[in-house]
Amino acid sequence: MKTITTTFFLFFISFLALAEVSVTEKEALVKFYQSTNGNQWKKTWDLKAATSTWYGVKIKDNKVVGLELPNNNLKGQIPAEISNLKYLETLDLFKNDLNGSLPASIGELQALKTLNVSFNRLTGSIPVTIGNAKSLKIVELYMNSLTGGLPNEIGNLAQLENLSLFNNMLEGELPKSLFGLKNLKVLMLNSNNFSGKLSYEVENLTALENLSLFENNFVGQVPFELENLSNLKEMNISYNKFNGLISYALAKKDTFQMTMLNEKGLAVRLPLITDNTGVVGTPD
């Protein structure tokens, strides 16, 4: 009896060691492999081997919690079936050759905390459904060719800490909901085509440490409320079309000391208010 019990125990342990993810998750991974030219990846998968051996696939409790394939020569499109990895917490596809749009099904990933699809060739708009992935803390989509506006639904991501969308072709005004993200530490929207005024409600981003709006088409007065962001360590809002007066404190915070483009397209510094008497020069 003791021998039988020991044999059963060893068999049970071996079974656990070889346990696979669900059929649905495995099929989603295979679809991803096929859609991104998997046989040409730098580090590819042996589809006949256990999923636990597949490069970049992180498994916990027989569930896929991470898909991390940066700089791995992925080519093609992210399939809609990515949403079947419903326990996914990290999706890191940085620096590949992916094209097409970010699938709307990305919003179905309720456990997703980190989304990094930067440095690819993505086109199309940011899907409004992204606002449904409410566990997101990091959204990095920079260095692509994304178009359209920043969806209002971005404001649903209450846990968001990093929103990096620089070097795309995004446009339009920033949605008011953006300024309700109390946990946001990094906001990098530079080198796009955003326009309109920067709302005074930017002061509500009390956790903000890095603000980059450099090289867009923002207009109007630079909100003095930026001075109230006590955690702000880096700021670059130059090379926009802001006008009006600024304070020395604001000029000092900005990397290029508030250098803007005037109506002739020439680079000029905004004039300073130095005291109650009015304007005295420009930043040194």
# chains A, B, ... in the order shown; residues from 1 in each chain; ligands from 1

call {"tool": "residues_around", "arguments": {"residues": "A:Asp92", "least_positions_apart": "6", "cutoff": "7 Å", "atoms": "only C-alpha atoms", "output": "ChimeraX atom specification"}}
result
/A:67-70,115-117

call {"tool": "residues_around", "arguments": {"residues": "stretch 100-114 of chain A", "least_positions_apart": "2", "cutoff": "9 Å", "atoms": "only C-alpha atoms", "output": "PyMOL selection string"}}
result
chain A and resi 65+76-92+98+116-117+121-140+146+159-160

call {"tool": "atom_distance", "arguments": {"atom1": "atom CA of A:Asp61", "atom2": "atom CA of A:Glu25"}}
result
13.1 Å

call {"tool": "select_by_dssp", "arguments": {"residues": "stretch 112-257 of chain A", "states": "helix (DSSP H, G or I)", "output": "PyMOL selection string"}}
result
chain A and resi 128-132+152-156+176-180+200-204+224-228+248-253

call {"tool": "atom_distance", "arguments": {"atom1": "atom CA of A:Gly265", "atom2": "atom CA of A:Asn217"}}
result
11.4 Å

call {"tool": "atom_distance", "arguments": {"atom1": "atom CA of A:Lys176", "atom2": "atom CA of A:Asn204"}}
result
11.0 Å

call {"tool": "residues_around", "arguments": {"residues": "stretch 184-197 of chain A", "least_positions_apart": "2", "cutoff": "7 Å", "atoms": "only C-alpha atoms", "output": "JSON, numbers by chain"}}
result
{"A": [160, 161, 162, 163, 164, 165, 166, 167, 168, 169, 170, 171, 172, 173, 181, 182, 199, 205, 207, 208, 209, 210, 211, 212, 213, 214, 215, 216, 217, 218, 219, 220]}

call {"tool": "write_last_selection", "arguments": {"atoms": "C-alpha atoms", "output": "PDB file, in the first residue's frame"}}
result
ATOM      1  CA  LEU A 160      -2.800  54.756 -14.791  1.00  0.00           C
ATOM      2  CA  GLU A 161       0.695  55.982 -13.891  1.00  0.00           C
ATOM      3  CA  ASN A 162       2.434  56.248 -17.265  1.00  0.00           C
ATOM      4  CA  LEU A 163       0.896  57.413 -20.553  1.00  0.00           C
ATOM      5  CA  SER A 164       3.570  57.677 -23.235  1.00  0.00           C
ATOM      6  CA  LEU A 165       2.280  58.373 -26.753  1.00  0.00           C
ATOM      7  CA  PHE A 166       5.049  60.546 -28.190  1.00  0.00           C
ATOM      8  CA  ASN A 167       6.151  60.475 -31.825  1.00  0.00           C
ATOM      9  CA  ASN A 168       2.849  59.564 -33.431  1.00  0.00           C
ATOM     10  CA  MET A 169       0.375  61.576 -35.521  1.00  0.00           C
ATOM     11  CA  LEU A 170      -2.294  62.033 -32.884  1.00  0.00           C
ATOM     12  CA  GLU A 171      -4.394  65.188 -33.034  1.00  0.00           C
ATOM     13  CA  GLY A 172      -7.214  67.181 -31.517  1.00  0.00           C
ATOM     14  CA  GLU A 173      -7.747  68.587 -28.049  1.00  0.00           C
ATOM     15  CA  LEU A 181      -6.054  60.714 -13.463  1.00  0.00           C
ATOM     16  CA  LYS A 182      -4.838  61.250  -9.918  1.00  0.00           C
ATOM     17  CA  SER A 199      -6.731  73.325 -19.408  1.00  0.00           C
ATOM     18  CA  LEU A 205      -2.558  65.811 -11.910  1.00  0.00           C
ATOM     19  CA  ALA A 207       1.226  62.971  -8.834  1.00  0.00           C
ATOM     20  CA  LEU A 208       2.750  64.152 -12.118  1.00  0.00           C
ATOM     21  CA  GLU A 209       6.544  63.975 -12.283  1.00  0.00           C
ATOM     22  CA  ASN A 210       7.210  64.217 -16.022  1.00  0.00           C
ATOM     23  CA  LEU A 211       5.166  66.329 -18.458  1.00  0.00           C
ATOM     24  CA  SER A 212       6.168  66.478 -22.108  1.00  0.00           C
ATOM     25  CA  LEU A 213       3.957  68.281 -24.627  1.00  0.00           C
ATOM     26  CA  PHE A 214       6.898  69.453 -26.744  1.00  0.00           C
ATOM     27  CA  GLU A 215       6.306  69.983 -30.471  1.00  0.00           C
ATOM     28  CA  ASN A 216       2.545  70.076 -30.850  1.00  0.00           C
ATOM     29  CA  ASN A 217       0.041  72.805 -31.786  1.00  0.00           C
ATOM     30  CA  PHE A 218      -1.240  73.948 -28.396  1.00  0.00           C
ATOM     31  CA  VAL A 219      -2.371  77.579 -28.231  1.00  0.00           C
ATOM     32  CA  GLY A 220      -3.420  80.170 -25.688  1.00  0.00           C
TER      33      GLY A 220
END

call {"tool": "select_by_dssp", "arguments": {"residues": "stretch 94-257 of chain A", "states": "strand (DSSP E)", "output": "VMD selection string"}}
result
chain A and resid 97 to 98 114 to 116 138 to 140 162 to 164 171 to 172 186 to 188 193 to 197 210 to 212 217 to 221 234 to 236 241 to 243 246 to 247

call {"tool": "residues_around", "arguments": {"residues": "A:Gly155", "least_positions_apart": "2", "cutoff": "8 Å", "atoms": "only C-alpha atoms", "output": "list in words"}}
result
Gly131, Asn152, Glu153, Leu157, Ala158, Ser177, Leu178, Phe179, Gly180 and Leu181 of chain A

call {"tool": "residues_around", "arguments": {"residues": "A:Tyr248", "least_positions_apart": "4", "cutoff": "7 Å", "atoms": "only C-alpha atoms", "output": "list in words"}}
result
Lys252, Leu272 and Thr274 of chain A

call {"tool": "write_last_selection", "arguments": {"atoms": "C-alpha atoms", "output": "PDB file, in the first residue's frame"}}
result
ATOM      1  CA  LYS A 252      12.605  77.651 -15.127  1.00  0.00           C
ATOM      2  CA  LEU A 272       8.112  87.142 -18.339  1.00  0.00           C
ATOM      3  CA  THR A 274       8.735  89.594 -12.983  1.00  0.00           C
TER       4      THR A 274
END

call {"tool": "closest_residue", "arguments": {"among": "A:Thr206, A:Asn156, A:Leu93, A:Ser35", "to": "A:Gly56", "atoms": "only C-alpha atoms"}}
result
A:Leu93
